[in-house]
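Trainee: Have a peek at my_file_33.csv (CSV, C-alpha atoms).
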```csv
chain,number,residue,atom,x,y,z
A,1,MET,CA,-29.3,-16.4,-30.2
A,2,ALA,CA,-29.0,-16.5,-33.9
A,3,ILE,CA,-26.2,-17.1,-36.4
A,4,ALA,CA,-25.2,-13.7,-37.7
A,5,SER,CA,-22.2,-14.1,-40.0
A,6,PHE,CA,-19.6,-16.4,-41.6
A,7,GLU,CA,-16.0,-15.5,-42.4
A,8,LEU,CA,-13.5,-17.8,-44.2
A,9,PHE,CA,-9.7,-17.7,-44.1
A,10,LYS,CA,-7.4,-19.7,-46.4
A,11,VAL,CA,-4.1,-19.9,-44.5
A,12,PRO,CA,-0.8,-21.7,-45.0
A,13,PRO,CA,0.2,-24.4,-45.2
A,14,ARG,CA,-3.0,-25.8,-46.8
A,15,TRP,CA,-5.9,-25.1,-44.4
A,16,LEU,CA,-9.2,-23.3,-44.5
A,17,PHE,CA,-10.6,-21.8,-41.2
A,18,LEU,CA,-14.2,-20.7,-40.6
A,19,LYS,CA,-15.3,-18.1,-38.1
A,20,VAL,CA,-19.0,-18.1,-37.2
A,21,THR,CA,-20.4,-15.2,-35.2
A,22,THR,CA,-23.7,-15.0,-33.4
A,23,SER,CA,-26.1,-12.1,-33.0
A,24,ASP,CA,-24.7,-11.2,-29.6
A,25,GLY,CA,-21.1,-11.5,-30.7
A,26,LEU,CA,-20.1,-15.0,-29.6
A,27,THR,CA,-17.7,-16.7,-32.0
A,28,GLY,CA,-17.0,-20.3,-32.9
A,29,TRP,CA,-14.3,-21.7,-35.2
A,30,GLY,CA,-14.3,-24.7,-37.6
A,31,GLU,CA,-12.0,-26.2,-40.2
A,32,PRO,CA,-13.9,-27.1,-43.4
A,33,ILE,CA,-11.2,-28.3,-45.8
A,34,VAL,CA,-10.5,-30.8,-48.5
A,35,GLU,CA,-6.7,-30.7,-49.0
A,36,GLY,CA,-6.1,-29.2,-52.4
A,37,LYS,CA,-9.7,-28.0,-52.9
A,38,ALA,CA,-9.9,-25.2,-50.3
A,39,ASP,CA,-11.6,-22.7,-52.7
A,40,THR,CA,-14.2,-25.3,-53.7
A,41,VAL,CA,-15.1,-26.1,-50.1
A,42,ALA,CA,-15.2,-22.3,-49.3
A,43,ALA,CA,-17.8,-21.9,-52.1
A,44,ALA,CA,-19.9,-24.7,-50.6
A,45,VAL,CA,-19.7,-23.1,-47.1
A,46,THR,CA,-20.8,-19.8,-48.6
A,47,GLU,CA,-23.8,-21.4,-50.3
A,48,MET,CA,-24.8,-23.2,-47.1
A,49,SER,CA,-24.5,-20.0,-45.1
A,50,GLU,CA,-27.4,-18.4,-47.0
A,51,TYR,CA,-29.7,-20.8,-45.2
A,52,LEU,CA,-28.0,-20.6,-41.8
A,53,ILE,CA,-28.0,-16.8,-41.3
A,54,GLY,CA,-30.6,-15.9,-38.8
A,55,LYS,CA,-31.2,-19.5,-37.6
A,56,ASP,CA,-30.9,-20.6,-34.0
A,57,GLU,CA,-27.3,-21.5,-33.2
A,58,ASN,CA,-28.4,-24.2,-30.7
A,59,ARG,CA,-30.2,-26.5,-33.1
A,60,ILE,CA,-27.1,-28.2,-34.4
A,61,GLU,CA,-28.7,-31.5,-35.2
A,62,ASP,CA,-31.6,-29.9,-37.1
A,63,LEU,CA,-29.2,-27.6,-39.0
A,64,TRP,CA,-27.0,-30.6,-39.9
A,65,GLN,CA,-30.0,-32.5,-41.2
A,66,VAL,CA,-31.1,-29.6,-43.4
A,67,LEU,CA,-27.6,-29.1,-44.8
A,68,TYR,CA,-27.1,-32.8,-45.5
A,69,ARG,CA,-30.7,-33.9,-46.5
A,70,GLY,CA,-32.2,-30.6,-47.6
A,71,GLY,CA,-30.4,-30.7,-51.0
A,72,PHE,CA,-31.2,-33.3,-53.6
A,73,TYR,CA,-27.5,-34.1,-54.1
A,74,ARG,CA,-25.7,-35.0,-50.9
A,75,GLY,CA,-22.5,-36.5,-49.5
A,76,GLY,CA,-19.0,-36.6,-50.9
A,77,PRO,CA,-15.9,-34.8,-49.8
A,78,ILE,CA,-16.8,-31.2,-50.8
A,79,LEU,CA,-20.3,-31.0,-49.4
A,80,THR,CA,-19.6,-33.0,-46.3
A,81,SER,CA,-16.4,-31.2,-45.5
A,82,ALA,CA,-18.3,-27.9,-45.7
A,83,ILE,CA,-20.9,-29.2,-43.2
A,84,SER,CA,-18.1,-30.5,-41.0
A,85,GLY,CA,-16.5,-27.1,-40.5
A,86,ILE,CA,-19.8,-25.4,-39.9
A,87,GLU,CA,-20.8,-28.0,-37.4
A,88,GLN,CA,-17.5,-27.7,-35.5
A,89,ALA,CA,-18.0,-24.0,-35.2
A,90,LEU,CA,-21.5,-24.4,-33.8
A,91,TRP,CA,-20.3,-26.9,-31.2
A,92,ASP,CA,-17.5,-24.4,-30.3
A,93,ILE,CA,-20.2,-21.7,-29.8
A,94,LYS,CA,-22.5,-24.0,-27.7
A,95,GLY,CA,-19.6,-25.0,-25.4
A,96,LYS,CA,-18.5,-21.4,-24.9
A,97,ARG,CA,-22.1,-20.3,-24.2
A,98,LEU,CA,-22.5,-23.0,-21.6
A,99,GLY,CA,-18.9,-22.7,-20.2
A,100,VAL,CA,-18.0,-26.4,-20.9
A,101,PRO,CA,-15.8,-28.3,-23.3
A,102,VAL,CA,-17.6,-30.1,-26.1
A,103,HIS,CA,-16.9,-33.5,-24.7
A,104,GLU,CA,-19.0,-32.6,-21.7
A,105,LEU,CA,-22.0,-32.1,-24.0
A,106,MET,CA,-21.5,-35.6,-25.5
A,107,GLY,CA,-21.7,-37.7,-22.3
A,108,GLY,CA,-18.6,-36.5,-20.5
A,109,ALA,CA,-15.0,-37.7,-20.4
A,110,VAL,CA,-14.0,-41.4,-20.5
A,111,ARG,CA,-10.3,-40.7,-20.2
A,112,ASP,CA,-7.9,-38.2,-18.7
A,113,ARG,CA,-5.4,-38.1,-21.6
A,114,MET,CA,-5.1,-39.3,-25.2
A,115,LYS,CA,-2.3,-41.0,-27.0
A,116,VAL,CA,-1.0,-39.2,-30.1
A,117,TYR,CA,1.4,-40.1,-32.9
A,118,ALA,CA,3.7,-38.2,-35.1
A,119,TRP,CA,4.6,-38.5,-38.8
A,120,ILE,CA,8.1,-39.5,-40.0
A,121,GLY,CA,9.6,-40.2,-43.4
A,122,GLY,CA,7.8,-37.8,-45.7
A,123,ASP,CA,5.8,-38.6,-48.8
A,124,ARG,CA,8.5,-40.9,-50.1
A,125,PRO,CA,9.7,-42.6,-46.9
A,126,ALA,CA,13.3,-42.0,-46.1
A,127,ASP,CA,15.7,-41.8,-43.2
A,128,THR,CA,13.1,-43.5,-41.1
A,129,ALA,CA,15.4,-44.8,-38.4
A,130,ASN,CA,16.9,-41.4,-37.6
A,131,GLU,CA,13.5,-39.8,-37.6
A,132,ALA,CA,12.2,-42.4,-35.3
A,133,LYS,CA,15.0,-41.8,-32.8
A,134,LYS,CA,14.2,-38.0,-32.9
A,135,LYS,CA,10.5,-38.7,-32.1
A,136,ILE,CA,11.4,-40.8,-29.2
A,137,ALA,CA,13.7,-38.0,-27.9
A,138,GLU,CA,10.7,-35.6,-28.3
A,139,GLY,CA,8.6,-37.9,-26.1
A,140,TYR,CA,6.5,-39.7,-28.6
A,141,THR,CA,5.7,-43.4,-28.2
A,142,ALA,CA,4.1,-43.9,-31.6
A,143,VAL,CA,4.7,-42.8,-35.2
A,144,LYS,CA,3.3,-43.3,-38.6
A,145,MET,CA,5.0,-43.5,-42.0
A,146,ASN,CA,4.1,-44.0,-45.6
A,147,GLY,CA,4.7,-47.6,-46.6
A,148,THR,CA,5.8,-47.1,-50.2
A,149,GLU,CA,6.4,-44.8,-53.1
A,150,GLU,CA,4.3,-45.3,-56.2
A,151,LEU,CA,3.6,-48.9,-57.2
A,152,GLU,CA,2.4,-50.6,-60.3
A,153,TRP,CA,-0.8,-52.7,-60.1
A,154,ILE,CA,1.6,-55.7,-59.9
A,155,ASP,CA,5.1,-54.6,-59.1
A,156,SER,CA,8.5,-56.2,-58.4
A,157,HIS,CA,9.7,-57.8,-55.2
A,158,ALA,CA,12.5,-55.3,-55.2
A,159,LYS,CA,9.9,-52.6,-54.5
A,160,ILE,CA,8.5,-54.7,-51.7
A,161,GLU,CA,11.9,-55.3,-50.2
A,162,LEU,CA,12.6,-51.5,-50.3
A,163,ALA,CA,9.4,-50.8,-48.5
A,164,VAL,CA,10.1,-53.4,-45.8
A,165,GLU,CA,13.6,-52.1,-45.3
A,166,LYS,CA,12.2,-48.8,-44.0
A,167,ILE,CA,10.5,-50.4,-41.0
A,168,ALA,CA,13.3,-52.9,-40.5
A,169,ALA,CA,15.7,-50.0,-40.1
A,170,ILE,CA,13.4,-48.6,-37.3
A,171,ARG,CA,13.3,-51.9,-35.5
A,172,GLU,CA,17.0,-52.3,-35.7
A,173,ALA,CA,17.5,-48.8,-34.4
A,174,VAL,CA,15.0,-48.7,-31.5
A,175,GLY,CA,13.6,-52.2,-31.2
A,176,ASN,CA,10.0,-52.5,-30.2
A,177,THR,CA,10.0,-49.5,-27.9
A,178,LEU,CA,8.1,-47.5,-30.5
A,179,ASP,CA,4.7,-48.2,-32.0
A,180,VAL,CA,4.9,-47.8,-35.8
A,181,ALA,CA,1.8,-47.6,-38.0
A,182,ILE,CA,2.2,-47.9,-41.8
A,183,ASP,CA,0.1,-46.0,-44.2
A,184,PHE,CA,-0.4,-47.6,-47.7
A,185,HIS,CA,-2.2,-44.4,-48.6
A,186,GLY,CA,-4.3,-46.2,-51.2
A,187,ARG,CA,-1.1,-46.5,-53.3
A,188,VAL,CA,-1.0,-50.3,-53.1
A,189,HIS,CA,-3.4,-52.3,-55.3
A,190,LYS,CA,-4.9,-55.5,-53.9
A,191,GLY,CA,-2.4,-57.9,-55.5
A,192,MET,CA,0.6,-56.2,-54.1
A,193,ALA,CA,-1.2,-55.4,-50.7
A,194,LYS,CA,-1.4,-59.2,-50.0
A,195,VAL,CA,2.4,-59.5,-50.6
A,196,LEU,CA,3.4,-56.4,-48.7
A,197,ILE,CA,1.2,-57.0,-45.6
A,198,LYS,CA,2.7,-60.5,-45.3
A,199,GLU,CA,6.3,-59.3,-45.6
A,200,LEU,CA,5.7,-56.5,-43.0
A,201,GLU,CA,4.2,-58.9,-40.4
A,202,PRO,CA,7.5,-59.8,-38.6
A,203,TYR,CA,8.1,-56.1,-37.8
A,204,LYS,CA,4.9,-55.8,-35.8
A,205,PRO,CA,3.3,-52.7,-37.2
A,206,LEU,CA,0.7,-51.0,-34.9
A,207,PHE,CA,-1.7,-51.0,-37.9
A,208,ILE,CA,-1.8,-50.7,-41.7
A,209,GLU,CA,-3.8,-47.8,-43.0
A,210,GLU,CA,-5.7,-47.7,-46.3
A,211,PRO,CA,-4.3,-51.1,-47.5
A,212,VAL,CA,-6.5,-50.5,-50.6
A,213,LEU,CA,-8.5,-47.5,-51.9
A,214,PRO,CA,-11.9,-47.1,-50.2
A,215,GLU,CA,-13.6,-47.9,-53.4
A,216,ASN,CA,-12.0,-51.3,-53.1
A,217,ASN,CA,-13.0,-52.0,-49.5
A,218,GLU,CA,-14.6,-55.3,-50.5
A,219,ALA,CA,-11.0,-56.6,-50.5
A,220,LEU,CA,-10.4,-55.9,-46.8
A,221,LEU,CA,-11.9,-59.2,-45.7
A,222,GLU,CA,-9.5,-61.1,-48.0
A,223,LEU,CA,-6.6,-59.0,-46.8
A,224,ALA,CA,-7.5,-59.6,-43.2
A,225,ARG,CA,-7.1,-63.3,-43.8
A,226,VAL,CA,-3.5,-62.8,-44.9
A,227,SER,CA,-2.2,-61.4,-41.6
A,228,SER,CA,-2.9,-60.6,-38.0
A,229,ILE,CA,-1.8,-56.9,-38.4
A,230,PRO,CA,-4.8,-54.7,-37.6
A,231,LEU,CA,-6.2,-53.0,-40.7
A,232,ALA,CA,-7.5,-49.4,-40.7
A,233,THR,CA,-9.3,-47.2,-43.2
A,234,GLY,CA,-11.9,-44.4,-43.3
A,235,GLU,CA,-10.2,-41.0,-44.0
A,236,ARG,CA,-11.9,-40.8,-47.4
A,237,MET,CA,-15.3,-41.9,-46.2
A,238,PHE,CA,-18.2,-39.6,-45.3
A,239,THR,CA,-21.0,-39.9,-42.8
A,240,ARG,CA,-22.4,-42.9,-41.1
A,241,TRP,CA,-23.9,-44.2,-44.4
A,242,ASP,CA,-20.4,-44.7,-45.9
A,243,PHE,CA,-19.2,-46.5,-42.8
A,244,LYS,CA,-22.3,-48.7,-42.4
A,245,GLN,CA,-21.4,-51.1,-45.2
A,246,LEU,CA,-17.7,-51.2,-44.2
A,247,LEU,CA,-18.5,-52.2,-40.6
A,248,ALA,CA,-21.2,-54.7,-41.7
A,249,SER,CA,-18.9,-56.5,-44.2
A,250,GLY,CA,-16.1,-57.1,-41.7
A,251,GLY,CA,-12.3,-57.2,-42.3
A,252,ILE,CA,-11.6,-53.9,-40.6
A,253,ASP,CA,-10.2,-53.4,-37.1
A,254,ILE,CA,-9.8,-49.6,-36.9
A,255,ILE,CA,-11.9,-46.8,-38.5
A,256,GLN,CA,-10.4,-43.4,-39.2
A,257,PRO,CA,-13.1,-40.8,-39.8
A,258,ASP,CA,-11.8,-37.3,-40.4
A,259,LEU,CA,-13.8,-34.8,-38.4
A,260,SER,CA,-13.3,-32.1,-41.1
A,261,HIS,CA,-14.5,-34.5,-43.8
A,262,ALA,CA,-16.9,-37.0,-42.4
A,263,GLY,CA,-19.6,-34.7,-41.1
A,264,GLY,CA,-18.2,-33.1,-37.9
A,265,ILE,CA,-17.9,-33.9,-34.3
A,266,TRP,CA,-21.4,-35.3,-33.6
A,267,GLU,CA,-21.6,-37.3,-36.8
A,268,CYS,CA,-18.2,-38.9,-36.1
A,269,ARG,CA,-19.4,-39.7,-32.6
A,270,LYS,CA,-22.3,-41.6,-34.2
A,271,ILE,CA,-19.9,-43.4,-36.5
A,272,ALA,CA,-17.7,-44.3,-33.5
A,273,ALA,CA,-20.8,-45.7,-31.7
A,274,MET,CA,-21.6,-47.8,-34.7
A,275,ALA,CA,-18.0,-49.1,-34.7
A,276,GLU,CA,-18.2,-49.9,-31.0
A,277,ALA,CA,-21.1,-52.2,-31.7
A,278,TYR,CA,-18.8,-54.1,-34.2
A,279,ASP,CA,-15.9,-54.2,-31.7
A,280,VAL,CA,-13.9,-51.9,-34.0
A,281,ALA,CA,-11.5,-49.2,-32.7
A,282,VAL,CA,-11.4,-45.5,-33.7
A,283,ALA,CA,-8.3,-43.5,-34.6
A,284,PRO,CA,-9.5,-40.1,-36.1
A,285,HIS,CA,-7.6,-39.0,-39.2
A,286,CYS,CA,-6.1,-35.5,-38.7
A,287,PRO,CA,-3.1,-34.3,-40.7
A,288,LEU,CA,-4.7,-30.9,-40.6
A,289,GLY,CA,-4.7,-27.7,-38.5
A,290,PRO,CA,-5.4,-26.9,-34.8
A,291,ILE,CA,-9.2,-26.5,-35.1
A,292,ALA,CA,-9.6,-30.0,-36.7
A,293,LEU,CA,-7.2,-31.4,-34.0
A,294,ALA,CA,-9.2,-29.8,-31.2
A,295,ALA,CA,-12.4,-31.2,-32.6
A,296,SER,CA,-10.9,-34.6,-32.9
A,297,LEU,CA,-9.7,-34.6,-29.3
A,298,GLN,CA,-13.1,-33.5,-28.1
A,299,LEU,CA,-14.4,-36.7,-29.7
A,300,ASP,CA,-11.5,-38.8,-28.3
A,301,PHE,CA,-12.2,-37.7,-24.7
A,302,CYS,CA,-15.8,-38.9,-24.8
A,303,THR,CA,-15.4,-42.0,-27.0
A,304,PRO,CA,-14.4,-45.3,-25.3
A,305,ASN,CA,-13.2,-47.1,-28.4
A,306,ALA,CA,-10.9,-44.2,-29.6
A,307,PHE,CA,-7.3,-45.3,-28.9
A,308,ILE,CA,-4.9,-43.0,-30.7
A,309,GLN,CA,-4.9,-39.6,-32.4
A,310,GLU,CA,-3.1,-38.4,-35.5
A,311,GLN,CA,-1.7,-34.9,-35.3
A,312,SER,CA,0.2,-32.7,-37.7
A,313,LEU,CA,3.0,-31.1,-35.7
A,314,GLY,CA,6.1,-31.2,-37.9
A,315,ILE,CA,4.4,-33.2,-40.7
A,316,HIS,CA,6.0,-32.9,-44.1
A,317,TYR,CA,3.0,-30.9,-45.5
A,318,ASN,CA,3.5,-28.1,-43.0
A,319,GLN,CA,5.6,-25.7,-45.0
A,320,GLY,CA,5.2,-22.0,-44.0
A,321,ALA,CA,3.2,-22.6,-40.9
A,322,ASP,CA,2.6,-25.3,-38.3
A,323,LEU,CA,0.1,-26.4,-35.8
A,324,HIS,CA,0.9,-23.9,-33.0
A,325,ASP,CA,1.2,-20.8,-35.2
A,326,TYR,CA,-2.5,-20.0,-35.0
A,327,LEU,CA,-3.0,-20.4,-31.3
A,328,THR,CA,-2.5,-17.8,-28.5
A,329,ASP,CA,-1.9,-20.6,-26.0
A,330,THR,CA,0.0,-23.7,-27.3
A,331,GLY,CA,-0.4,-25.5,-24.0
A,332,ALA,CA,-3.6,-27.2,-25.2
A,333,PHE,CA,-1.5,-29.4,-27.4
A,334,ARG,CA,1.5,-30.0,-25.1
A,335,TYR,CA,2.5,-33.6,-25.5
A,336,GLU,CA,3.8,-35.5,-22.5
A,337,SER,CA,5.1,-39.1,-22.8
A,338,GLY,CA,3.2,-39.5,-26.0
A,339,TYR,CA,-0.1,-38.2,-24.6
A,340,VAL,CA,-2.1,-34.9,-24.6
A,341,LYS,CA,-4.1,-34.0,-21.5
A,342,ARG,CA,-7.8,-33.6,-21.7
A,343,LEU,CA,-8.9,-30.3,-23.0
A,344,GLU,CA,-11.0,-28.5,-20.3
A,345,ALA,CA,-11.5,-25.0,-21.7
A,346,PRO,CA,-15.0,-24.2,-23.1
A,347,GLY,CA,-16.0,-25.1,-26.6
A,348,LEU,CA,-13.2,-26.8,-28.6
A,349,GLY,CA,-10.8,-26.0,-25.9
A,350,ILE,CA,-8.3,-23.8,-27.8
A,351,GLU,CA,-7.6,-20.1,-28.0
A,352,ILE,CA,-7.4,-18.9,-31.6
A,353,ASN,CA,-5.0,-16.1,-32.6
A,354,GLU,CA,-7.3,-14.2,-35.0
A,355,ASP,CA,-4.7,-11.5,-35.7
A,356,LYS,CA,-2.3,-14.2,-36.9
A,357,ILE,CA,-5.0,-15.8,-39.0
A,358,ARG,CA,-5.8,-12.6,-40.7
A,359,GLU,CA,-2.1,-11.9,-41.3
A,360,MET,CA,-1.6,-15.3,-42.9
A,361,ALA,CA,-4.8,-15.2,-44.9
A,362,ALA,CA,-3.3,-12.3,-46.8
A,363,ILE,CA,-0.7,-14.8,-47.9
A,364,GLY,CA,-3.0,-17.7,-48.5
A,365,HIS,CA,-1.9,-20.9,-50.3
A,366,GLN,CA,-2.4,-22.8,-53.5
A,367,TRP,CA,-1.6,-26.3,-52.1
A,368,ARG,CA,-2.1,-29.2,-54.5
A,369,ASN,CA,-1.1,-32.8,-54.1
A,370,PRO,CA,1.5,-34.1,-56.5
A,371,VAL,CA,0.6,-36.2,-59.6
A,372,TRP,CA,2.7,-39.3,-59.7
A,373,ARG,CA,3.4,-41.6,-62.6
A,374,THR,CA,4.9,-45.1,-62.8
A,375,ALA,CA,8.0,-45.8,-64.9
A,376,ASP,CA,5.9,-46.4,-68.1
A,377,GLY,CA,4.1,-43.1,-67.8
A,378,ASN,CA,0.8,-44.4,-66.3
A,379,VAL,CA,-0.8,-42.3,-63.6
A,380,ALA,CA,-0.1,-43.7,-60.1
A,381,GLU,CA,-2.0,-43.3,-56.8
A,382,TRP,CA,-0.5,-40.7,-54.6
```
Turn this file's structure into structure tokens for me.

Mentor:
Amino acid sequence: MAIASFELFKVPPRWLFLKVTTSDGLTGWGEPIVEGKADTVAAAVTEMSEYLIGKDENRIEDLWQVLYRGGFYRGGPILTSAISGIEQALWDIKGKRLGVPVHELMGGAVRDRMKVYAWIGGDRPADTANEAKKKIAEGYTAVKMNGTEELEWIDSHAKIELAVEKIAAIREAVGNTLDVAIDFHGRVHKGMAKVLIKELEPYKPLFIEEPVLPENNEALLELARVSSIPLATGERMFTRWDFKQLLASGGIDIIQPDLSHAGGIWECRKIAAMAEAYDVAVAPHCPLGPIALAASLQLDFCTPNAFIQEQSLGIHYNQGADLHDYLTDTGAFRYESGYVKRLEAPGLGIEINEDKIREMAAIGHQWRNPVWRTADGNVAEW
């Protein structure tokens, strides 16, 4: 069958959903989004759809190659995120047509359930001990928190001590019963990252995420020599070509490709296979909506070196809508003892509430990330 139509929905809190329909009426869903640039990505999807209308829905690899390589300019967050959402929708269609979940089409399951983690502390980490207790009560066994507020290129030890106090409070409240990952969010420059990583080591973080900005990945090897804490990065990297140099240069323990940014499900499966060859684990980035999470889980269930999955239920960004609001059956994401069971329904494994999507698309959103400045007025990394 052929691809017949594309429809985009910008819905709260900050998501963009894509519905692809085939000539015989089968539908697939994807989530092409760059947070804060939804309209820009939507324009890219619309441009790409001009080529795709009328093409064979089954030729996912060939269509991906054309969308990526068929243009003189390629890669980057906008173009690759547009491709990602389209690719997710095509896999959803293929799985539904064949009556199997996507992971069955990628070698089959390697696990029965996947560990997930929740966010605590907000953009400026606060009340971390109480929030950690709440997540334990909700059944989670792992959480992630931002490590700091804005930092100068070289900042005071008072700022370092404040950051360390946040995880120290968690350890005092719950001991080591909870895995705690710490996201530097690219806010920490190399000089301060060395200090902060060393100070955090006694509190045994699960991993440290984006210890430096991805454009400074050459510093990872130096940072890896400072501490035994596993280092993670990858949410702002796109396609296997971005990850190639990272994996070859060493210094990284966990990669975090985002299936709505890095090229989609199959591209991220290729990235994960590259990582496996370097003995590097995978923890897909996903502070996004239900379609992106479903796509990520499909990858997790067929990927041996995937070990934990980010998900957005209750995350501080989700104002006005949350993960379950756009599903007719929330059971797909029912977390038990910190895990989610393997998705077995065809395609991405979720049932989309299209009526709710259309209702909320009438509201839309204009989400933008904040612009932060340091005490002297200089722009800071958010």

Trainee: What is the distance, in Å and to one decimal place, between CA of Val102 in chain A and CA of Ile86 in chain A?

Mentor: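 A separation of 14.7 Å between them.
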
Trainee: For Ala181 in chain A, which residue among A:Lys19, A:Lys204, A:Lys144, A:Lys166 is the nearest when counting only C-alpha atoms?

Mentor: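 Nearest to Ala181 in chain A: A:Lys144.
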
Trainee: Find the residues around Gly95 in chain A up to 12 Å (all atoms listed in the file counted), leave out those fewer than 3 positions away in its own chain, and share them as a VMD selection string.

Mentor: chain A and resid 26 to 29 57 to 58 88 to 92 98 to 106 295 298 344 to 350

Trainee: Could you jot down the CA of Ala137 in chain A to CA of Thr330 in chain A separation for me, Å, one decimal place?

Mentor: 19.8 Å

Trainee: List as a PDB file with C-alpha atoms, in the frame of the given file: which residues have an atom within 10 Å of (-24.7, -7.3, -35.7), counting all atoms listed in the file?

Mentor:
```pdb
ATOM      1  CA  ILE A   3     -26.200 -17.100 -36.400  1.00  0.00           C
ATOM      2  CA  ALA A   4     -25.200 -13.700 -37.700  1.00  0.00           C
ATOM      3  CA  SER A   5     -22.200 -14.100 -40.000  1.00  0.00           C
ATOM      4  CA  THR A  21     -20.400 -15.200 -35.200  1.00  0.00           C
ATOM      5  CA  THR A  22     -23.700 -15.000 -33.400  1.00  0.00           C
ATOM      6  CA  SER A  23     -26.100 -12.100 -33.000  1.00  0.00           C
ATOM      7  CA  ASP A  24     -24.700 -11.200 -29.600  1.00  0.00           C
ATOM      8  CA  GLY A  25     -21.100 -11.500 -30.700  1.00  0.00           C
TER       9      GLY A  25
END
```

Trainee: Between CA of Leu288 in chain A and CA of Gly107 in chain A, measure the distance and give it in Å to one decimal.

Mentor: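 About the pair CA of Leu288 in chain A and CA of Gly107 in chain A: they are 25.9 Å apart.
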